[in-house]
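Everything on this sheet refers to the single structure shown next.
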Amino acid sequence: MTREEIFKALDEVFEEVFDDESIHVTDETTADDIEDWDSLEHINLVVAIENRFGIKFNMSEVTSMKNVGEMVDIILERQ
Amino acid sequence: MSIVSFSFLIFLLITVICYYVCPKKYRWGILLIASILFFLLSCEWKLLLYLLFGILTTYIGTNYLYNRCRTEKKKKLTLFVTLFSILSILCVLKYINIFPITLNAFGNLFHMNFHFGTLSLLAPLGLSYYTLSLTGYVIDVYRGAYEPQKNILKYALFASYYPIMISGPFVRYNDMKKEFFEPKNFDWNNLFQGFYRIMYGLMKKLVIADLLAPFVRQVFSQYNDFTGYYIIIAVMLYAVQIYADFSGCMDIVNGASKMYGITLIENFESPFFSKNLSEFWRRWHISLGVWAKDYIMYPLLKSSFFQKLGKKCKNKFGKKIGKRIPTLLSIFILWFLIGLWHGASYKYIFAAGILPWIYLTMGEIFEEKIHYITKKLQMTTDCFSFRLFQSFRTFLLMCFIWLFACAPNLGSSLIIIKNIFKLPRAGLQYELPQLPAIILFASFIVIVVDYLKYKNINVLDWFSKQNLWFRWITLFIIISLILIYGAYGPGYNASDFIYGGF
């Protein structure tokens, strides 16, 4: 998948997890930009992304990812 | 040695001079020597053996795990053995008495007197704090977050850095590595900001917390004699006392570190301005919350058991409710362990564990309904009065938690709650300690500083930009407040911070 395709797929995952069809994520998107993205929802999001892309984040990545851009970097690396 | 003492200020001054006189490359060595000295001056030298054991086992364990373990099975086994060795000491020294206490309590319920004796084991300084920091380090190395430290003396500094041994904050090795080992230039601003913060912390501790303490102590130790508003006032004052005490301690710890040019994470971010309890706990004892989230809650939620549970619940109760069930279960485990960390007592398990969980669960369940009601009542939520209401509501809910925390035990806290609804007894003479008006002035300073912090204004940076005369005058006022009104002097022991006991 290209970076653009990953972002498109991520939009769908975010929309599903946060029940909001207006979400559009970019490299700079962080938890501050999405109202319901708190520490509890973060783990649901991580698991949903793992299932969608068939990858696994390790725990240090789960706790240290600062924005969606870093998430995409890991997905690209693991494909 | 207490950090609320003149000898500590002398100790700090000498070590700061040695630190900056020493070549940059070896400055961490001064911090290690200072940490060992501080430990020896603060508790029995034999207790240093516990710390040494913790350092050695985690050092050997992590280096073995990183360099020698090739299979996941071997890595897991090494992780387990290393964690077991350090956590077992914490459990034995801190929780051994919970078993005889529980058995005796059960015996009393069935009118049987077991009389199991309790042990009084001496725990080393900062046991709860350094054990959790080392646990985090071991788990991080296992997760591959970073390489373990090869130099055992450098590692010993991370494990025993003296300012954080008193009451935290919990630190992560990769954050501290650059603070300890990257060369830093001497900066007058660090010295000024550090000293200023120490004085501010001393003011909170000596002029607010320790002046409130006798009043609160008397009400809660003679809880059968006090009723109604006495209890309500005492618990509200305890809320102020515990905040001034713990955050004051953190100001001294962060200030002392700043004087070495070391920046520690903040443990408090104006918690009393929080809109709700979730926000409160994101602003109160931050490093414990972050630690628990990273090392307890996330691994639980990502485990296959919780994932399967989540799927089952979603199928049975629908997506919205289904995904909340494993989350609430993991939060229960997290808060239970946080409660247990506070002490081997049922009052802590209930007050610092189960009660916060009940609050958060209620918040989750009723959040939408509260939104609906405020909308129906056409209440303006984006205004000062509503924000004030939210903060006061959060404060009251926390006061209810603290009522359990400052009662002698769980049983007496129930009597205290009953007494709130009773009228004061006629003819009873209360001789409560006086509350000096200066507490109000000092508290006003803390509220202003916290409000500025809440608005993302760094007060210390702001002070650094002011003229020298202004900085000296404000420092003079704070020192005068401490010297004139502070609770100190012969017969007074300010060494005990409330959170130092946890």
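So you can find residues: chains in the structure tokens are A, B, ... in the order shown, residues in each start at 1, and ligands are numbered from 1 in order.
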Q | Contacts of Gln307 of chain B at 10 Å (only C-alpha atoms; same-chain gap of 4+ positions) as a list in words | A |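 Close residues of Gln307 of chain B: Asn44 and Val47 of chain A; Leu300, Leu301, Lys302, Ser303, Lys311, Lys312, Cys313, Lys323 and Pro326 of chain B.
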File dump, residues just selected, C-alpha atoms, as a PDB file, in the first residue's frame:
```pdb
ATOM      1  CA  ASN A  44      -9.342   0.232  20.787  1.00  0.00           C
ATOM      2  CA  VAL A  47      -6.307  -2.933  17.912  1.00  0.00           C
TER       3      VAL A  47
ATOM      4  CA  LEU B 300      -4.293  -5.780  29.799  1.00  0.00           C
ATOM      5  CA  LEU B 301      -6.485  -4.290  27.068  1.00  0.00           C
ATOM      6  CA  LYS B 302      -4.202  -5.620  24.336  1.00  0.00           C
ATOM      7  CA  SER B 303      -4.107  -9.122  25.822  1.00  0.00           C
ATOM      8  CA  LYS B 311     -15.686  -9.286  20.865  1.00  0.00           C
ATOM      9  CA  LYS B 312     -18.101 -11.352  22.958  1.00  0.00           C
ATOM     10  CA  CYS B 313     -19.498  -8.256  24.687  1.00  0.00           C
ATOM     11  CA  LYS B 323     -16.501  -2.069  23.992  1.00  0.00           C
ATOM     12  CA  PRO B 326     -13.420  -4.734  28.923  1.00  0.00           C
TER      13      PRO B 326
END
```
Within 10 Å of chain A, which residues of chain B show up? Give each one with its shortest atom-to-atom distance in Å (one decimal) and the two atoms involved, counting only C-alpha atoms, rows by chain then rising residue number, as CSV.
```
residue,atom,partner,partner_atom,distance
B:Ile139,CA,A:Ser60,CA,9.4
B:Asp140,CA,A:Ser60,CA,6.9
B:Val141,CA,A:Ser60,CA,9.5
B:Tyr142,CA,A:Ser60,CA,9.7
B:Arg143,CA,A:Ser60,CA,6.2
B:Gly144,CA,A:Ser60,CA,7.3
B:Ala145,CA,A:Ser60,CA,5.4
B:Tyr146,CA,A:Ser60,CA,9.2
B:Val290,CA,A:Thr63,CA,9.6
B:Lys293,CA,A:Ser39,CA,8.0
B:Asp294,CA,A:Thr63,CA,6.4
B:Tyr295,CA,A:Met59,CA,8.9
B:Met297,CA,A:Leu40,CA,8.8
B:Tyr298,CA,A:Ile43,CA,6.7
B:Pro299,CA,A:Met59,CA,7.2
B:Leu301,CA,A:Ile43,CA,6.9
B:Lys302,CA,A:Ile43,CA,7.1
B:Gln307,CA,A:Val47,CA,8.5
B:Gly310,CA,A:Asn44,CA,9.6
B:Lys319,CA,A:Val17,CA,9.6
B:Lys320,CA,A:Asp19,CA,9.5
B:Lys323,CA,A:Asn44,CA,8.2
B:Arg324,CA,A:Leu40,CA,9.2
B:Thr327,CA,A:Leu40,CA,6.9
B:Leu328,CA,A:Leu40,CA,9.4
B:Ser330,CA,A:Leu40,CA,9.7
B:Ile331,CA,A:Leu40,CA,9.1
```
- Item | Shell of 9 Å around Ile3 of chain B, only C-alpha atoms, local chain residues under 4 positions omitted, as a list of chain:residue names | B:Ser7, B:Phe8, B:Leu9, B:Pro163, B:Ile166, B:Cys249, B:Ile252, B:Val253, B:Ala494, B:Ser495
- Given only C-alpha atoms as the counted atoms, nearest of B:Tyr451, B:Tyr346, B:Tyr66, B:Trp45 to Lys150 of chain B: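 The answer is B:Tyr66, which sits nearest to Lys150 of chain B.
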| request: Check the smallest atom-to-atom distance from each of B:Leu134, B:Leu12, B:Ile482, B:Leu414 to Thr58 of chain B using only C-alpha atoms, then report the winner. | output: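 Once distances to Thr58 of chain B are computed over only C-alpha atoms, the minimum belongs to B:Leu134.
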Counting only C-alpha atoms, closest pick from B:Phe317, B:Tyr173, B:Trp28, B:Tyr162 relative to Gly136 of chain B is B:Tyr173
request  = Please identify all polymer residues within 10 Å of Leu125 of chain B, counting only C-alpha atoms, omitting same-chain residues fewer than 4 positions from it, and present them as a VMD selection string.
outcome  = chain B and resid 38 to 40 42 to 44 47 to 48 50 to 51 129 to 130 160 162 165 to 167 500 to 501
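Atom CA of Lys46 of chain B is positioned 27.3 Å from atom CA of Leu79 of chain B.
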